[in-house]
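Heads up, the thing below is written out as C-alpha cells.
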Amino acid sequence: MHKKVIIIGAGGHAKVIADIIEKSGDQIVGFLDDKIEKNTIIVKDYKVIGDLNSRFSLSIANKDYEFITAIGDNKRRKEISTSPNLKFYTAIHPSAQIGINVEIEEGTVIMANVCINSSSRIGKHCIINTGAIIEHDNIIENYVHISPNATLGGTVKVEELTHIGIGATVKNNVTICKNCTVGAGAVVVKNIEKEGTYIGVPARKRKN
C-alpha cells in the first residue's frame, strides 16, 4: 500500500526529499510552506497546498497522511517535528546501503548513495545527506545533520542537534557533543566536549 506523504518545507532540500518519496513508490500529496504562495508548483506537478499550520487540520482530515520535515536547520526541524498527533514518514533512497542491525527512527531522511554499516542507530528527524558514510556501531542522536560525503569511522557518537559539514571526517571511537557544528572538510580526531564550531585539520574550536 502506497503511503501518502506531505512535505513540510518547500525549498531545495524538500525537492530532494520529494525525489526519494517518488522513487520509493509512495505518493506526494504536496508541500507546506509559510513563505510560498499556495498552488505554487515546486517540482514536477507537486504544489504548495498550505502553510505549516495546515499540518494539523490535514492530519485530522486524513489519518493516513504522513509528514516529513524538509528543513535543514536542526533546531527549526526539532521545533516543527515535535508537533503532537502527527505521523512521520521516514525517507530512504533506494540506492542507500543499510547494514544488518541498523535502526533508523521516524522522520529521518537517508539520501542517495549513503552507506550505514552494521549495528548503527540513527535517531529521529536526522538528515543523512548524499554519499555520507556512517561506519559500524555509530550512534546518531535526534535532529542531527550529516552533510554530503562526510565520513564517520566506527563507534562514533554524534549527539543531538549537531551538524557535520560537507566532506568532514570523524575518526573512530570519537564522541561529539550536542549543539556543535563541524566545518566542511574538518577532521575530528578526538572527543568534542564543548558546544561550538570546529574547523580545520585536525579540528579545533573556532574563536569567536
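Identifiers in this document derive from the order of the C-alpha cells: chains are assigned A, B, ..., residues are numbered from 1 separately in each chain, and ligands are numbered from 1 in order of occurrence.
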* To do: Using DSSP on the backbone coordinates, identify the residues of stretch 23-58 of chain A assigned to helix (DSSP H, G or I); present them as a list of chain:residue names.
  => A:Lys23, A:Ser54, A:Arg55, A:Phe56, A:Ser57, A:Leu58
Considering only C-alpha atoms, return as a tab-separated table (two decimals) with C-alpha atoms, in the first residue's frame whatever protein or nucleic-acid residues lie within 8 Å of A:Ala96, sequence-local ones (same chain, fewer than 4 positions apart) excluded.
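Here's the written file selection.tsv:
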```
chain	number	residue	atom	x	y	z
A	92	ILE	CA	15.27	6.16	2.47
A	110	ILE	CA	18.61	8.87	4.13
A	111	MET	CA	19.72	10.28	0.78
A	112	ALA	CA	21.25	8.76	-2.34
A	113	ASN	CA	24.42	6.65	-2.09
A	114	VAL	CA	24.57	6.77	1.71
A	115	CYS	CA	26.26	3.83	3.44
A	116	ILE	CA	25.27	2.97	7.02
```
* To do: Between A:Arg206, A:His13, A:Lys194, A:Lys87, single out the one closest to A:Ile42, counting only C-alpha atoms.
  => A:His13
* To do: Please run DSSP on the backbone and report, as number ranges by chain, all residues within chain A that come out as strand (DSSP E).
  => A: 4-8, 27-32, 41-43, 46-50, 65-69, 91-92, 97-98, 103-104, 109-110, 115-116, 121-122, 127-128, 133-134, 139-140, 145-146, 151-152, 157-158, 163-164, 169-170, 175-176, 180-182, 187-188, 196-199, 204-205
* Structure fact -> Students should find that atom CA of A:Thr40 and atom CA of A:Ala10 are spaced 9.9 Å
* For A:Glu159, list every protein, DNA or RNA residue within 8 Å, evaluated using only C-alpha atoms, and leave out those in the same chain fewer than 3 positions away; present the list as a list in words. =>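 After dropping sequence-adjacent residues, the list is Ile140, Glu141, Asn142, Val144, Thr162, Thr175, Ile176, Cys177, Lys178 and Asn179 of chain A.
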* Asked: What is the distance, in Å and to one decimal place, between atom CA of A:Ile28 and atom CA of A:Val5?
  ->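 Those two atoms sit 5.0 Å apart.
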* Asked: So which one's closest to A:Asp33, A:Ile71, A:Ile100, A:Ile60, A:Val170? Using only C-alpha atoms, please.
  ->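 Smallest separation from A:Asp33 among the options: A:Ile71.
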* Out of A:Thr169, A:Asn53, A:Asn149, A:Thr69, which residue has the shortest atom-to-atom distance to A:Lys15 when counting only C-alpha atoms? ->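 With only C-alpha atoms as the atom set, the closest residue is A:Thr69.
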* Asked: At what distance in Å, to one decimal, does atom CA of A:Leu52 lie from atom CA of A:Val29?
  ->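 Taking atom CA of A:Val29 as the start and atom CA of A:Leu52 as the end point, the length is 14.2 Å.
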Please produce, as JSON lines, a per-residue contact table for stretch 134-191 of chain A versus stretch 119-123 of chain A (criterion: any atom at most 10 Å away, only C-alpha atoms considered), showing the nearest atom pair and its distance in Å to one decimal, sorted by chain then residue number.
```
{"residue": "A:Ile134", "atom": "CA", "partner": "A:Ser120", "partner_atom": "CA", "distance": 7.9}
{"residue": "A:Glu135", "atom": "CA", "partner": "A:Ser120", "partner_atom": "CA", "distance": 7.5}
{"residue": "A:His136", "atom": "CA", "partner": "A:Ser120", "partner_atom": "CA", "distance": 5.6}
{"residue": "A:Asp137", "atom": "CA", "partner": "A:Ser120", "partner_atom": "CA", "distance": 4.3}
{"residue": "A:Asn138", "atom": "CA", "partner": "A:Ser120", "partner_atom": "CA", "distance": 4.5}
{"residue": "A:Ile139", "atom": "CA", "partner": "A:Arg121", "partner_atom": "CA", "distance": 5.0}
{"residue": "A:Ile140", "atom": "CA", "partner": "A:Ile122", "partner_atom": "CA", "distance": 4.8}
{"residue": "A:Glu141", "atom": "CA", "partner": "A:Gly123", "partner_atom": "CA", "distance": 4.7}
{"residue": "A:Asn142", "atom": "CA", "partner": "A:Gly123", "partner_atom": "CA", "distance": 4.4}
{"residue": "A:Tyr143", "atom": "CA", "partner": "A:Gly123", "partner_atom": "CA", "distance": 7.3}
{"residue": "A:Val144", "atom": "CA", "partner": "A:Gly123", "partner_atom": "CA", "distance": 8.0}
{"residue": "A:Gly154", "atom": "CA", "partner": "A:Ser120", "partner_atom": "CA", "distance": 9.1}
{"residue": "A:Thr155", "atom": "CA", "partner": "A:Ser120", "partner_atom": "CA", "distance": 8.3}
{"residue": "A:Val156", "atom": "CA", "partner": "A:Ser120", "partner_atom": "CA", "distance": 9.3}
{"residue": "A:Lys157", "atom": "CA", "partner": "A:Arg121", "partner_atom": "CA", "distance": 9.6}
{"residue": "A:Val158", "atom": "CA", "partner": "A:Ile122", "partner_atom": "CA", "distance": 9.8}
{"residue": "A:Glu159", "atom": "CA", "partner": "A:Gly123", "partner_atom": "CA", "distance": 9.7}
{"residue": "A:Glu160", "atom": "CA", "partner": "A:Gly123", "partner_atom": "CA", "distance": 8.8}
```
* To do: For each of A:Glu193, A:Asp73, A:Glu106, A:Glu66, take the minimum atom-to-atom distance to A:Ile146, counting only C-alpha atoms, then give the residue where this is smallest.
  =>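 Among A:Glu193, A:Asp73, A:Glu106, A:Glu66, it is A:Asp73 that comes nearest to A:Ile146.
Closest approach to A:Gly9 among A:Ala132, A:Ile68, A:Lys38, A:Asp45: A:Ile68, based on only C-alpha atoms.
With distances restricted to only C-alpha atoms, A:Lys47 is the closest residue to A:Ala14 from A:His2, A:Asn39, A:Asn62, A:Lys47.
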* Find the spatial neighbours of A:Thr197, counting only C-alpha atoms, within a cut-off of 6 Å - ignore same-chain residues fewer than 2 positions away - and output them as a PyMOL selection string. => chain A and resi 180-182+205-206
Write out, as a PDB file, in the first residue's frame, the residues just selected, with N, CA, C and O atoms.
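Result file follows (again-v1.pdb):
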```
ATOM      1  N   CYS A 180      26.801  21.181  18.230  1.00  0.00           N
ATOM      2  CA  CYS A 180      28.073  21.530  17.606  1.00  0.00           C
ATOM      3  C   CYS A 180      27.915  21.651  16.097  1.00  0.00           C
ATOM      4  O   CYS A 180      27.014  21.054  15.511  1.00  0.00           O
ATOM      5  N   THR A 181      28.845  22.390  15.501  1.00  0.00           N
ATOM      6  CA  THR A 181      28.999  22.403  14.057  1.00  0.00           C
ATOM      7  C   THR A 181      30.431  22.018  13.731  1.00  0.00           C
ATOM      8  O   THR A 181      31.369  22.630  14.249  1.00  0.00           O
ATOM      9  N   VAL A 182      30.582  20.999  12.913  1.00  0.00           N
ATOM     10  CA  VAL A 182      31.897  20.606  12.406  1.00  0.00           C
ATOM     11  C   VAL A 182      31.970  21.108  10.966  1.00  0.00           C
ATOM     12  O   VAL A 182      31.156  20.735  10.126  1.00  0.00           O
ATOM     13  N   LYS A 205      38.329  24.240  17.955  1.00  0.00           N
ATOM     14  CA  LYS A 205      37.209  25.161  18.159  1.00  0.00           C
ATOM     15  C   LYS A 205      37.541  26.546  17.625  1.00  0.00           C
ATOM     16  O   LYS A 205      38.614  27.081  17.906  1.00  0.00           O
ATOM     17  N   ARG A 206      36.626  27.070  16.833  1.00  0.00           N
ATOM     18  CA  ARG A 206      36.817  28.400  16.286  1.00  0.00           C
ATOM     19  C   ARG A 206      36.623  29.453  17.364  1.00  0.00           C
ATOM     20  O   ARG A 206      35.672  29.415  18.127  1.00  0.00           O
TER      21      ARG A 206
END
```
Mind checking which residues fall within 10 Å of A:Phe56, counting only C-alpha atoms, ignoring those fewer than 5 positions away in the same chain, and posting them as a PDB file with N, CA, C and O atoms, in the first residue's frame?
```pdb
ATOM      1  N   ALA A  61      -8.082  15.618   9.040  1.00  0.00           N
ATOM      2  CA  ALA A  61      -8.949  15.300   7.901  1.00  0.00           C
ATOM      3  C   ALA A  61      -8.630  13.934   7.297  1.00  0.00           C
ATOM      4  O   ALA A  61      -9.524  13.255   6.782  1.00  0.00           O
ATOM      5  N   SER A  83       5.622  18.393  16.903  1.00  0.00           N
ATOM      6  CA  SER A  83       4.174  18.591  16.862  1.00  0.00           C
ATOM      7  C   SER A  83       3.453  17.314  17.274  1.00  0.00           C
ATOM      8  O   SER A  83       3.764  16.233  16.779  1.00  0.00           O
ATOM      9  N   PRO A  84       2.482  17.428  18.178  1.00  0.00           N
ATOM     10  CA  PRO A  84       1.765  16.225  18.619  1.00  0.00           C
ATOM     11  C   PRO A  84       0.803  15.712  17.556  1.00  0.00           C
ATOM     12  O   PRO A  84       0.360  16.450  16.678  1.00  0.00           O
ATOM     13  N   ASN A  85       0.517  14.428  17.641  1.00  0.00           N
ATOM     14  CA  ASN A  85      -0.537  13.786  16.850  1.00  0.00           C
ATOM     15  C   ASN A  85      -0.268  13.746  15.339  1.00  0.00           C
ATOM     16  O   ASN A  85      -1.199  13.590  14.550  1.00  0.00           O
ATOM     17  N   LEU A  86       0.989  13.893  14.941  1.00  0.00           N
ATOM     18  CA  LEU A  86       1.336  13.733  13.538  1.00  0.00           C
ATOM     19  C   LEU A  86       2.082  12.413  13.352  1.00  0.00           C
ATOM     20  O   LEU A  86       2.897  12.019  14.186  1.00  0.00           O
TER      21      LEU A  86
END
```
